[in-house]
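Participant: model23.pdb (PDB, C-alpha atoms) pasted underneath:
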ATOM      1  CA  MET E   1      84.985 140.543 122.810  1.00  0.00           C
ATOM      2  CA  LYS E   2      82.238 137.930 123.164  1.00  0.00           C
ATOM      3  CA  ASN E   3      80.557 139.268 119.993  1.00  0.00           C
ATOM      4  CA  ILE E   4      83.838 139.028 118.062  1.00  0.00           C
ATOM      5  CA  LYS E   5      84.300 135.404 119.185  1.00  0.00           C
ATOM      6  CA  SER E   6      80.706 134.574 118.218  1.00  0.00           C
ATOM      7  CA  PHE E   7      81.175 136.254 114.845  1.00  0.00           C
ATOM      8  CA  SER E   8      84.421 134.334 114.265  1.00  0.00           C
ATOM      9  CA  LEU E   9      82.822 130.994 115.138  1.00  0.00           C
ATOM     10  CA  LEU E  10      79.878 131.759 112.869  1.00  0.00           C
ATOM     11  CA  THR E  11      82.210 132.759 110.041  1.00  0.00           C
ATOM     12  CA  ILE E  12      84.308 129.610 110.466  1.00  0.00           C
ATOM     13  CA  SER E  13      81.162 127.454 110.545  1.00  0.00           C
ATOM     14  CA  ILE E  14      79.909 129.026 107.306  1.00  0.00           C
ATOM     15  CA  ILE E  15      83.281 128.503 105.594  1.00  0.00           C
ATOM     16  CA  ILE E  16      83.445 124.852 106.703  1.00  0.00           C
ATOM     17  CA  PHE E  17      79.874 124.270 105.515  1.00  0.00           C
ATOM     18  CA  ALA E  18      80.698 125.893 102.165  1.00  0.00           C
ATOM     19  CA  LEU E  19      83.793 123.746 101.727  1.00  0.00           C
ATOM     20  CA  LEU E  20      81.879 120.583 102.539  1.00  0.00           C
ATOM     21  CA  SER E  21      79.156 121.593 100.104  1.00  0.00           C
ATOM     22  CA  VAL E  22      81.428 122.334  97.147  1.00  0.00           C
ATOM     23  CA  SER E  23      80.252 119.229  95.308  1.00  0.00           C
ATOM     24  CA  CYS E  24      77.355 120.343  93.125  1.00  0.00           C
ATOM     25  CA  THR E  25      77.534 117.842  90.296  1.00  0.00           C
ATOM     26  CA  SER E  26      74.999 115.098  90.800  1.00  0.00           C
ATOM     27  CA  TYR E  27      75.619 111.536  89.781  1.00  0.00           C
ATOM     28  CA  GLN E  28      73.509 108.507  89.040  1.00  0.00           C
ATOM     29  CA  THR E  29      74.172 105.082  90.543  1.00  0.00           C
ATOM     30  CA  VAL E  30      74.270 102.479  87.789  1.00  0.00           C
ATOM     31  CA  SER E  31      74.993  98.769  87.605  1.00  0.00           C
ATOM     32  CA  PHE E  32      76.940  96.767  85.039  1.00  0.00           C
ATOM     33  CA  LYS E  33      78.518  93.348  84.830  1.00  0.00           C
ATOM     34  CA  SER E  34      82.179  92.720  85.420  1.00  0.00           C
ATOM     35  CA  GLU E  35      83.650  90.884  82.487  1.00  0.00           C
ATOM     36  CA  PRO E  36      83.345  87.108  83.095  1.00  0.00           C
ATOM     37  CA  VAL E  37      86.863  86.279  84.237  1.00  0.00           C
ATOM     38  CA  THR E  38      85.119  83.803  86.555  1.00  0.00           C
ATOM     39  CA  GLU E  39      81.522  82.688  86.910  1.00  0.00           C
ATOM     40  CA  LYS E  40      81.432  84.383  90.308  1.00  0.00           C
ATOM     41  CA  SER E  41      82.161  87.848  88.935  1.00  0.00           C
ATOM     42  CA  PRO E  42      79.628  90.178  90.570  1.00  0.00           C
ATOM     43  CA  ALA E  43      77.501  92.984  89.206  1.00  0.00           C
ATOM     44  CA  ILE E  44      79.443  96.192  89.791  1.00  0.00           C
ATOM     45  CA  GLU E  45      77.980  99.518  90.838  1.00  0.00           C
ATOM     46  CA  GLY E  46      79.200 102.754  89.369  1.00  0.00           C
ATOM     47  CA  ASN E  47      78.733 106.447  90.048  1.00  0.00           C
ATOM     48  CA  LEU E  48      77.942 108.001  86.664  1.00  0.00           C
ATOM     49  CA  TYR E  49      78.551 111.718  86.058  1.00  0.00           C
ATOM     50  CA  LYS E  50      77.424 113.488  82.881  1.00  0.00           C
ATOM     51  CA  PRO E  51      77.844 116.986  81.433  1.00  0.00           C
ATOM     52  CA  GLU E  52      74.763 118.891  80.365  1.00  0.00           C
ATOM     53  CA  GLY E  53      73.644 118.288  76.802  1.00  0.00           C
ATOM     54  CA  ASN E  54      73.129 115.393  74.422  1.00  0.00           C
ATOM     55  CA  GLY E  55      76.750 114.689  73.477  1.00  0.00           C
ATOM     56  CA  PRO E  56      78.241 112.531  72.268  1.00  0.00           C
ATOM     57  CA  PHE E  57      80.873 113.103  74.940  1.00  0.00           C
ATOM     58  CA  PRO E  58      84.210 111.376  75.504  1.00  0.00           C
ATOM     59  CA  ALA E  59      84.222 109.339  78.708  1.00  0.00           C
ATOM     60  CA  VAL E  60      86.599 108.185  81.449  1.00  0.00           C
ATOM     61  CA  VAL E  61      86.452 105.118  83.689  1.00  0.00           C
ATOM     62  CA  ILE E  62      87.860 105.982  87.141  1.00  0.00           C
ATOM     63  CA  LEU E  63      89.388 103.237  89.307  1.00  0.00           C
ATOM     64  CA  HIS E  64      89.525 104.145  93.010  1.00  0.00           C
ATOM     65  CA  GLY E  65      92.345 103.390  95.429  1.00  0.00           C
ATOM     66  CA  CYS E  66      92.742 100.801  98.179  1.00  0.00           C
ATOM     67  CA  ALA E  67      90.333 102.543 100.589  1.00  0.00           C
ATOM     68  CA  GLY E  68      87.385 102.622  98.179  1.00  0.00           C
ATOM     69  CA  ILE E  69      85.459 105.602  96.832  1.00  0.00           C
ATOM     70  CA  ASP E  70      85.849 108.900  98.682  1.00  0.00           C
ATOM     71  CA  TYR E  71      85.705 112.640  97.970  1.00  0.00           C
ATOM     72  CA  HIS E  72      89.029 112.474  96.084  1.00  0.00           C
ATOM     73  CA  PHE E  73      87.595 110.392  93.249  1.00  0.00           C
ATOM     74  CA  ARG E  74      84.306 112.297  93.207  1.00  0.00           C
ATOM     75  CA  ALA E  75      86.295 115.519  92.838  1.00  0.00           C
ATOM     76  CA  TRP E  76      88.092 114.060  89.825  1.00  0.00           C
ATOM     77  CA  ALA E  77      84.790 112.963  88.287  1.00  0.00           C
ATOM     78  CA  GLU E  78      83.367 116.453  88.752  1.00  0.00           C
ATOM     79  CA  GLN E  79      86.466 118.011  87.203  1.00  0.00           C
ATOM     80  CA  LEU E  80      86.180 115.688  84.204  1.00  0.00           C
ATOM     81  CA  VAL E  81      82.538 116.739  83.763  1.00  0.00           C
ATOM     82  CA  GLU E  82      83.656 120.383  83.751  1.00  0.00           C
ATOM     83  CA  TRP E  83      86.103 119.489  80.987  1.00  0.00           C
ATOM     84  CA  GLY E  84      83.281 117.916  78.968  1.00  0.00           C
ATOM     85  CA  TYR E  85      83.693 114.216  79.800  1.00  0.00           C
ATOM     86  CA  VAL E  86      81.263 111.621  81.071  1.00  0.00           C
ATOM     87  CA  ALA E  87      82.877 109.931  84.093  1.00  0.00           C
ATOM     88  CA  ILE E  88      82.083 106.676  85.830  1.00  0.00           C
ATOM     89  CA  ILE E  89      83.669 105.600  89.120  1.00  0.00           C
ATOM     90  CA  ALA E  90      83.595 101.804  89.224  1.00  0.00           C
ATOM     91  CA  ASP E  91      83.074 100.512  92.782  1.00  0.00           C
ATOM     92  CA  SER E  92      85.036  97.267  92.869  1.00  0.00           C
ATOM     93  CA  PHE E  93      84.786  96.710  96.631  1.00  0.00           C
ATOM     94  CA  SER E  94      81.194  97.105  97.888  1.00  0.00           C
ATOM     95  CA  PRO E  95      79.703  94.414  95.596  1.00  0.00           C
ATOM     96  CA  ARG E  96      82.334  92.002  96.937  1.00  0.00           C
ATOM     97  CA  GLY E  97      81.563  92.873 100.574  1.00  0.00           C
ATOM     98  CA  ILE E  98      84.924  94.602 101.068  1.00  0.00           C
ATOM     99  CA  ASN E  99      85.588  98.098 102.450  1.00  0.00           C
ATOM    100  CA  ARG E 100      89.306  98.453 101.824  1.00  0.00           C
ATOM    101  CA  VAL E 101      92.360  96.450 100.761  1.00  0.00           C
ATOM    102  CA  CYS E 102      95.174  98.720 101.947  1.00  0.00           C
ATOM    103  CA  GLY E 103      98.057  96.438 102.894  1.00  0.00           C
ATOM    104  CA  LYS E 104      96.197  93.428 101.427  1.00  0.00           C
ATOM    105  CA  PRO E 105      95.966  94.232  97.709  1.00  0.00           C
ATOM    106  CA  PHE E 106      95.135  90.695  96.591  1.00  0.00           C
ATOM    107  CA  LYS E 107      91.801  90.687  98.457  1.00  0.00           C
ATOM    108  CA  VAL E 108      90.562  92.118  95.145  1.00  0.00           C
ATOM    109  CA  PRO E 109      93.262  91.287  92.560  1.00  0.00           C
ATOM    110  CA  ASP E 110      94.170  93.551  89.665  1.00  0.00           C
ATOM    111  CA  LEU E 111      92.800  91.048  87.137  1.00  0.00           C
ATOM    112  CA  GLU E 112      89.335  91.165  88.719  1.00  0.00           C
ATOM    113  CA  ARG E 113      89.319  94.944  88.867  1.00  0.00           C
ATOM    114  CA  ALA E 114      90.568  95.215  85.286  1.00  0.00           C
ATOM    115  CA  ALA E 115      87.568  93.072  84.348  1.00  0.00           C
ATOM    116  CA  ASP E 116      85.395  95.620  86.180  1.00  0.00           C
ATOM    117  CA  ALA E 117      86.977  98.424  84.127  1.00  0.00           C
ATOM    118  CA  TYR E 118      86.197  96.562  80.923  1.00  0.00           C
ATOM    119  CA  GLY E 119      82.623  96.057  82.096  1.00  0.00           C
ATOM    120  CA  ALA E 120      82.354  99.803  82.727  1.00  0.00           C
ATOM    121  CA  ALA E 121      83.651 100.519  79.218  1.00  0.00           C
ATOM    122  CA  ILE E 122      81.080  98.165  77.686  1.00  0.00           C
ATOM    123  CA  TYR E 123      78.370  99.908  79.721  1.00  0.00           C
ATOM    124  CA  LEU E 124      79.537 103.357  78.552  1.00  0.00           C
ATOM    125  CA  ARG E 125      79.588 102.247  74.904  1.00  0.00           C
ATOM    126  CA  GLN E 126      75.867 101.523  75.104  1.00  0.00           C
ATOM    127  CA  LEU E 127      74.942 105.038  76.262  1.00  0.00           C
ATOM    128  CA  PRO E 128      73.650 107.259  73.418  1.00  0.00           C
ATOM    129  CA  TYR E 129      75.448 110.342  74.747  1.00  0.00           C
ATOM    130  CA  VAL E 130      78.899 108.684  74.938  1.00  0.00           C
ATOM    131  CA  ASP E 131      81.368 108.642  72.031  1.00  0.00           C
ATOM    132  CA  SER E 132      82.208 104.936  72.081  1.00  0.00           C
ATOM    133  CA  GLU E 133      85.522 105.545  70.310  1.00  0.00           C
ATOM    134  CA  LYS E 134      86.761 107.998  72.940  1.00  0.00           C
ATOM    135  CA  ILE E 135      86.850 106.212  76.295  1.00  0.00           C
ATOM    136  CA  GLY E 136      89.809 106.684  78.616  1.00  0.00           C
ATOM    137  CA  LEU E 137      90.955 105.100  81.868  1.00  0.00           C
ATOM    138  CA  MET E 138      92.150 106.793  85.073  1.00  0.00           C
ATOM    139  CA  GLY E 139      93.428 104.826  88.070  1.00  0.00           C
ATOM    140  CA  PHE E 140      94.836 105.685  91.486  1.00  0.00           C
ATOM    141  CA  SER E 141      97.173 103.501  93.586  1.00  0.00           C
ATOM    142  CA  HIS E 142      95.424 100.101  93.732  1.00  0.00           C
ATOM    143  CA  GLY E 143      93.341 101.359  90.817  1.00  0.00           C
ATOM    144  CA  GLY E 144      96.552 102.423  89.066  1.00  0.00           C
ATOM    145  CA  TRP E 145      97.934  98.909  89.463  1.00  0.00           C
ATOM    146  CA  THR E 146      94.657  97.660  88.025  1.00  0.00           C
ATOM    147  CA  GLY E 147      95.027 100.104  85.151  1.00  0.00           C
ATOM    148  CA  MET E 148      98.507  98.755  84.394  1.00  0.00           C
ATOM    149  CA  ARG E 149      96.967  95.313  83.934  1.00  0.00           C
ATOM    150  CA  ALA E 150      94.044  96.643  81.875  1.00  0.00           C
ATOM    151  CA  VAL E 151      96.252  98.364  79.273  1.00  0.00           C
ATOM    152  CA  GLN E 152      98.483  95.363  78.539  1.00  0.00           C
ATOM    153  CA  LYS E 153      98.346  93.809  75.058  1.00  0.00           C
ATOM    154  CA  ASN E 154      98.015  90.361  76.625  1.00  0.00           C
ATOM    155  CA  PHE E 155      95.027  91.222  78.818  1.00  0.00           C
ATOM    156  CA  PRO E 156      92.482  88.354  78.510  1.00  0.00           C
ATOM    157  CA  TYR E 157      89.744  90.095  76.551  1.00  0.00           C
ATOM    158  CA  SER E 158      86.192  88.908  76.876  1.00  0.00           C
ATOM    159  CA  ILE E 159      84.255  87.282  74.060  1.00  0.00           C
ATOM    160  CA  ARG E 160      82.358  90.569  73.728  1.00  0.00           C
ATOM    161  CA  MET E 161      85.496  92.616  73.134  1.00  0.00           C
ATOM    162  CA  GLU E 162      88.371  91.867  70.788  1.00  0.00           C
ATOM    163  CA  ALA E 163      90.592  94.785  71.734  1.00  0.00           C
ATOM    164  CA  ILE E 164      91.283  97.214  74.553  1.00  0.00           C
ATOM    165  CA  PRO E 165      88.311  99.617  74.759  1.00  0.00           C
ATOM    166  CA  PHE E 166      90.428 102.498  76.070  1.00  0.00           C
ATOM    167  CA  LYS E 167      92.179 105.034  73.864  1.00  0.00           C
ATOM    168  CA  ALA E 168      94.492 106.318  76.604  1.00  0.00           C
ATOM    169  CA  ALA E 169      95.168 105.933  80.323  1.00  0.00           C
ATOM    170  CA  VAL E 170      96.359 108.158  83.166  1.00  0.00           C
ATOM    171  CA  LEU E 171      97.642 106.241  86.186  1.00  0.00           C
ATOM    172  CA  PHE E 172      98.632 107.777  89.515  1.00  0.00           C
ATOM    173  CA  TYR E 173     101.265 106.004  91.665  1.00  0.00           C
ATOM    174  CA  PRO E 174     100.524 102.470  90.418  1.00  0.00           C
ATOM    175  CA  TYR E 175     102.366  99.372  91.547  1.00  0.00           C
ATOM    176  CA  CYS E 176     104.455  98.252  88.577  1.00  0.00           C
ATOM    177  CA  ASN E 177     105.650  94.695  87.983  1.00  0.00           C
ATOM    178  CA  SER E 178     108.409  94.415  85.386  1.00  0.00           C
ATOM    179  CA  ARG E 179     107.307  90.906  84.380  1.00  0.00           C
ATOM    180  CA  GLN E 180     103.599  91.617  84.009  1.00  0.00           C
ATOM    181  CA  HIS E 181     103.666  95.204  82.776  1.00  0.00           C
ATOM    182  CA  GLN E 182     106.027  95.099  79.797  1.00  0.00           C
ATOM    183  CA  ASP E 183     103.702  95.510  76.845  1.00  0.00           C
ATOM    184  CA  ILE E 184     101.472  98.574  77.182  1.00  0.00           C
ATOM    185  CA  ALA E 185      99.090  98.766  74.237  1.00  0.00           C
ATOM    186  CA  ILE E 186      97.812 102.363  74.427  1.00  0.00           C
ATOM    187  CA  PRO E 187      99.247 105.796  75.295  1.00  0.00           C
ATOM    188  CA  THR E 188      99.648 105.732  79.090  1.00  0.00           C
ATOM    189  CA  LEU E 189     100.773 108.568  81.341  1.00  0.00           C
ATOM    190  CA  ILE E 190     102.092 107.535  84.765  1.00  0.00           C
ATOM    191  CA  PHE E 191     102.501 109.916  87.701  1.00  0.00           C
ATOM    192  CA  ILE E 192     104.670 108.507  90.488  1.00  0.00           C
ATOM    193  CA  GLY E 193     107.055 109.922  93.082  1.00  0.00           C
ATOM    194  CA  SER E 194     110.699 108.849  92.996  1.00  0.00           C
ATOM    195  CA  LYS E 195     110.615 108.344  96.779  1.00  0.00           C
ATOM    196  CA  ASP E 196     107.386 106.319  96.801  1.00  0.00           C
ATOM    197  CA  ASP E 197     108.452 103.201  98.728  1.00  0.00           C
ATOM    198  CA  TRP E 198     105.312 101.239  97.838  1.00  0.00           C
TER     199      TRP E 198
END
Go ahead and express the file in the form of structure tokens.
Facilitator:
Amino acid sequence: MKNIKSFSLLTISIIIFALLSVSCTSYQTVSFKSEPVTEKSPAIEGNLYKPEGNGPFPAVVILHGCAGIDYHFRAWAEQLVEWGYVAIIADSFSPRGINRVCGKPFKVPDLERAADAYGAAIYLRQLPYVDSEKIGLMGFSHGGWTGMRAVQKNFPYSIRMEAIPFKAAVLFYPYCNSRQHQDIAIPTLIFIGSKDDW
């Protein structure tokens, strides 16, 4: 009986270790400038994931949720790489000295984070293995709200960019404001639950 228990614990430990080690796609930490909405806009860090090969590959900017970057967003980046995309997760919180904004979304407003997304797109356009005409946007929760702002026709573009750099967007459970989010400029797919009370 003792041997069976030991075997079971060993088996469980191996399974847990395997599950925690699923992530095998490596990423590179990069830095780019947030678009200059204000003079205080910080340099933003990003986790850059790339498929094997020279490309050019389509790319996706990923905007994390209110609790910052975690395994959820890394898993999406790895899945995108498997599908043949370059992916960059833009970290909008750490450079601003913030860990999370859950319940306090305006600690890092959507306009600032949308500027980060534009900065990430400009960075991606400069990479030789990225197809600069095929950059998409993916946002989750607070990042989805940010994405709603970033895809509006009236978004205040920077002097370096005359139009929205994204060809399409996928937004998961974003906050939607009927006054601010009326004029979406690109194909945008929104996933949201009908009973989501946020």
Participant: How many Å separate atom CA of Trp76 of chain E from atom CA of Arg113 of chain E?
Facilitator: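 These atoms are spaced 19.2 Å apart.
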Participant: Out of E:Gly53, E:Pro58, E:Pro42, E:Gly147, which residue has the shortest atom-to-atom distance to Asp110 of chain E when counting all atoms listed in the file?
Facilitator: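 Closest to Asp110 of chain E of all the choices is E:Gly147.
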Participant: Kindly indicate which residue among E:Ser194, E:Ser94, E:Asn47, E:Thr146 lies nearest to Cys176 of chain E, using all atoms listed in the file for the distances.
Facilitator: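 Looking only at the distances to Cys176 of chain E, the closest residue turns out to be E:Thr146.
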Participant: Please return, as a list in words, all polymer residues that have at least one atom within 6 Å of the point (88.8, 100.1, 90.3); use all atoms listed in the file and the file's own coordinate frame.
Facilitator: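 Final list of nearby residues, as requested, is Leu63, His64, Ala90, Ser92, Arg113 and Gly143 of chain E.
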Participant: Taking the file above as input, evaluate the PyMOL selection byres ((chain E and resi 173) around 6) and report the hits as a list of chain:residue names.
Facilitator: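 The output of the PyMOL selection byres ((chain E and resi 173) around 6) on this file is E:Ser141, E:Phe172, E:Pro174, E:Phe191, E:Ile192.
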Participant: For the atom pair atom CA of Gly144 of chain E and atom CA of Ile164 of chain E, what is the interatomic distance in Å to one decimal place?
Facilitator: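 If I compute the distance from atom CA of Gly144 of chain E to atom CA of Ile164 of chain E, I get 16.3 Å.
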Participant: I would like the residues chosen by the PyMOL selection byres ((chain E and resi 62) around 9) on the shown file; could you give them as a PyMOL selection string?
Facilitator: chain E and resi 60-61+63-64+73+76-77+87-90+117+136-140+143
Participant: Convert the current residue selection to file output with C-alpha atoms, as an mmCIF file, keeping the file's coordinate frame.
Facilitator:
data_model
loop_
_atom_site.group_PDB
_atom_site.id
_atom_site.type_symbol
_atom_site.label_atom_id
_atom_site.label_comp_id
_atom_site.auth_asym_id
_atom_site.auth_seq_id
_atom_site.Cartn_x
_atom_site.Cartn_y
_atom_site.Cartn_z
ATOM 1 C CA VAL E 60 86.599 108.185 81.449
ATOM 2 C CA VAL E 61 86.452 105.118 83.689
ATOM 3 C CA LEU E 63 89.388 103.237 89.307
ATOM 4 C CA HIS E 64 89.525 104.145 93.010
ATOM 5 C CA PHE E 73 87.595 110.392 93.249
ATOM 6 C CA TRP E 76 88.092 114.060 89.825
ATOM 7 C CA ALA E 77 84.790 112.963 88.287
ATOM 8 C CA ALA E 87 82.877 109.931 84.093
ATOM 9 C CA ILE E 88 82.083 106.676 85.830
ATOM 10 C CA ILE E 89 83.669 105.600 89.120
ATOM 11 C CA ALA E 90 83.595 101.804 89.224
ATOM 12 C CA ALA E 117 86.977 98.424 84.127
ATOM 13 C CA GLY E 136 89.809 106.684 78.616
ATOM 14 C CA LEU E 137 90.955 105.100 81.868
ATOM 15 C CA MET E 138 92.150 106.793 85.073
ATOM 16 C CA GLY E 139 93.428 104.826 88.070
ATOM 17 C CA PHE E 140 94.836 105.685 91.486
ATOM 18 C CA GLY E 143 93.341 101.359 90.817
#
Participant: Considering only C-alpha atoms, can you say which of E:Ala67, E:Val81, E:Ala150, E:Val86 comes closest to Ser132 of chain E?
Facilitator: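 When distances to Ser132 of chain E are compared using only C-alpha atoms, the smallest one comes from E:Val86.
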Participant: Might you spell out which residues the PyMOL selection byres ((chain E and resi 29-35) around 8) would select in the displayed file, as a compact mmCIF listing (two decimals) with C-alpha atoms, in the frame of the given file?
Facilitator:
# COMPACT_ATOMS: atom_id res chain seq x y z
CA TYR E 27 75.62 111.54 89.78
CA GLN E 28 73.51 108.51 89.04
CA PRO E 36 83.34 87.11 83.10
CA VAL E 37 86.86 86.28 84.24
CA SER E 41 82.16 87.85 88.94
CA PRO E 42 79.63 90.18 90.57
CA ALA E 43 77.50 92.98 89.21
CA ILE E 44 79.44 96.19 89.79
CA GLU E 45 77.98 99.52 90.84
CA GLY E 46 79.20 102.75 89.37
CA ASN E 47 78.73 106.45 90.05
CA LEU E 48 77.94 108.00 86.66
CA ALA E 115 87.57 93.07 84.35
CA ASP E 116 85.40 95.62 86.18
CA ALA E 117 86.98 98.42 84.13
CA TYR E 118 86.20 96.56 80.92
CA GLY E 119 82.62 96.06 82.10
CA ALA E 120 82.35 99.80 82.73
CA TYR E 123 78.37 99.91 79.72
CA SER E 158 86.19 88.91 76.88
Participant: Excluding Arg149 of chain E and its own-chain neighbours fewer than 3 positions away, which residues fall within 7 Å of it when counting only C-alpha atoms? Please give them as number ranges by chain.
Facilitator: E: 110-111, 114, 145-146, 152, 155, 181
Participant: Tell me which of E:Ala163, E:Leu171, E:Val101, E:Leu80 sits closest to Pro51 of chain E, counting only C-alpha atoms.
Facilitator: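 So, comparing all the options, the nearest one is E:Leu80.
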Participant: Of the candidates E:Ile69, E:Leu189, E:Leu127, E:Cys102, which one gets nearest to His142 of chain E if we count all atoms listed in the file?
Facilitator: E:Cys102
Participant: As an NGL selection string, please: the residues near Ile184 of chain E (cut-off 8 Å, all atoms listed in the file, same-chain neighbours under 2 positions excluded).
Facilitator: :E and (148 or 151-153 or 181-182 or 186-188)
Participant: Which distance in Å separates atom CA of Ile98 of chain E and atom CA of Ala121 of chain E, to one decimal?
Facilitator: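 Pair atom CA of Ile98 of chain E / atom CA of Ala121 of chain E returns 22.7 Å.
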Participant: Would you pick out the contacts of Tyr129 of chain E at 8 Å or less, using all atoms listed in the file, so that residues sharing its chain but fewer than 2 positions from it are not included, and give the list as a list in words?
Facilitator: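 Counting all atoms listed in the file, the residues come to Asn54, Gly55, Pro56, Phe57, Leu127 and Asp131 of chain E.
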Participant: Nearest to Tyr175 of chain E: which of E:Ala59, E:Lys50, E:Ala75, E:Cys66 is it, counting all atoms listed in the file?
Facilitator: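 Among the listed residues, the smallest separation from Tyr175 of chain E belongs to E:Cys66.
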Participant: Once all heavy atoms are restored for segment 112-119 of chain E, what would the output be as a short mmCIF file (atom, residue, chain, number, x, y, z; two decimals), in the coordinates of the input?
Facilitator:
data_model
loop_
_atom_site.label_atom_id
_atom_site.label_comp_id
_atom_site.auth_asym_id
_atom_site.auth_seq_id
_atom_site.Cartn_x
_atom_site.Cartn_y
_atom_site.Cartn_z
N GLU E 112 90.77 91.01 88.50
CA GLU E 112 89.34 91.16 88.72
C GLU E 112 88.90 92.61 88.50
O GLU E 112 87.87 92.88 87.88
CB GLU E 112 88.96 90.73 90.14
CG GLU E 112 88.94 89.23 90.34
CD GLU E 112 88.44 88.84 91.72
OE1 GLU E 112 87.64 89.60 92.31
OE2 GLU E 112 88.85 87.78 92.22
N ARG E 113 89.69 93.54 89.02
CA ARG E 113 89.32 94.94 88.87
C ARG E 113 89.46 95.41 87.43
O ARG E 113 88.69 96.26 86.96
CB ARG E 113 90.17 95.82 89.79
CG ARG E 113 89.84 95.62 91.26
CD ARG E 113 90.33 96.77 92.09
NE ARG E 113 89.60 98.00 91.78
CZ ARG E 113 90.00 99.21 92.16
NH1 ARG E 113 91.12 99.36 92.86
NH2 ARG E 113 89.30 100.28 91.85
N ALA E 114 90.45 94.88 86.71
CA ALA E 114 90.57 95.22 85.29
C ALA E 114 89.33 94.73 84.53
O ALA E 114 88.84 95.40 83.63
CB ALA E 114 91.84 94.60 84.70
N ALA E 115 88.81 93.58 84.94
CA ALA E 115 87.57 93.07 84.35
C ALA E 115 86.40 94.01 84.65
O ALA E 115 85.52 94.23 83.81
CB ALA E 115 87.27 91.67 84.87
N ASP E 116 86.41 94.62 85.84
CA ASP E 116 85.40 95.62 86.18
C ASP E 116 85.51 96.83 85.25
O ASP E 116 84.51 97.38 84.79
CB ASP E 116 85.55 96.10 87.62
CG ASP E 116 85.35 95.01 88.66
OD1 ASP E 116 84.85 93.91 88.30
OD2 ASP E 116 85.68 95.25 89.83
N ALA E 117 86.76 97.27 85.00
CA ALA E 117 86.98 98.42 84.13
C ALA E 117 86.46 98.15 82.72
O ALA E 117 85.85 99.01 82.08
CB ALA E 117 88.46 98.77 84.10
N TYR E 118 86.69 96.93 82.25
CA TYR E 118 86.20 96.56 80.92
C TYR E 118 84.67 96.53 80.91
O TYR E 118 84.04 96.95 79.94
CB TYR E 118 86.77 95.21 80.51
CG TYR E 118 88.11 95.31 79.83
CD1 TYR E 118 89.19 95.91 80.48
CD2 TYR E 118 88.31 94.82 78.55
CE1 TYR E 118 90.42 96.03 79.87
CE2 TYR E 118 89.54 94.93 77.92
CZ TYR E 118 90.59 95.54 78.59
OH TYR E 118 91.81 95.67 77.97
N GLY E 119 84.08 96.05 81.99
CA GLY E 119 82.62 96.06 82.10
C GLY E 119 82.07 97.47 82.07
O GLY E 119 81.05 97.74 81.43
#
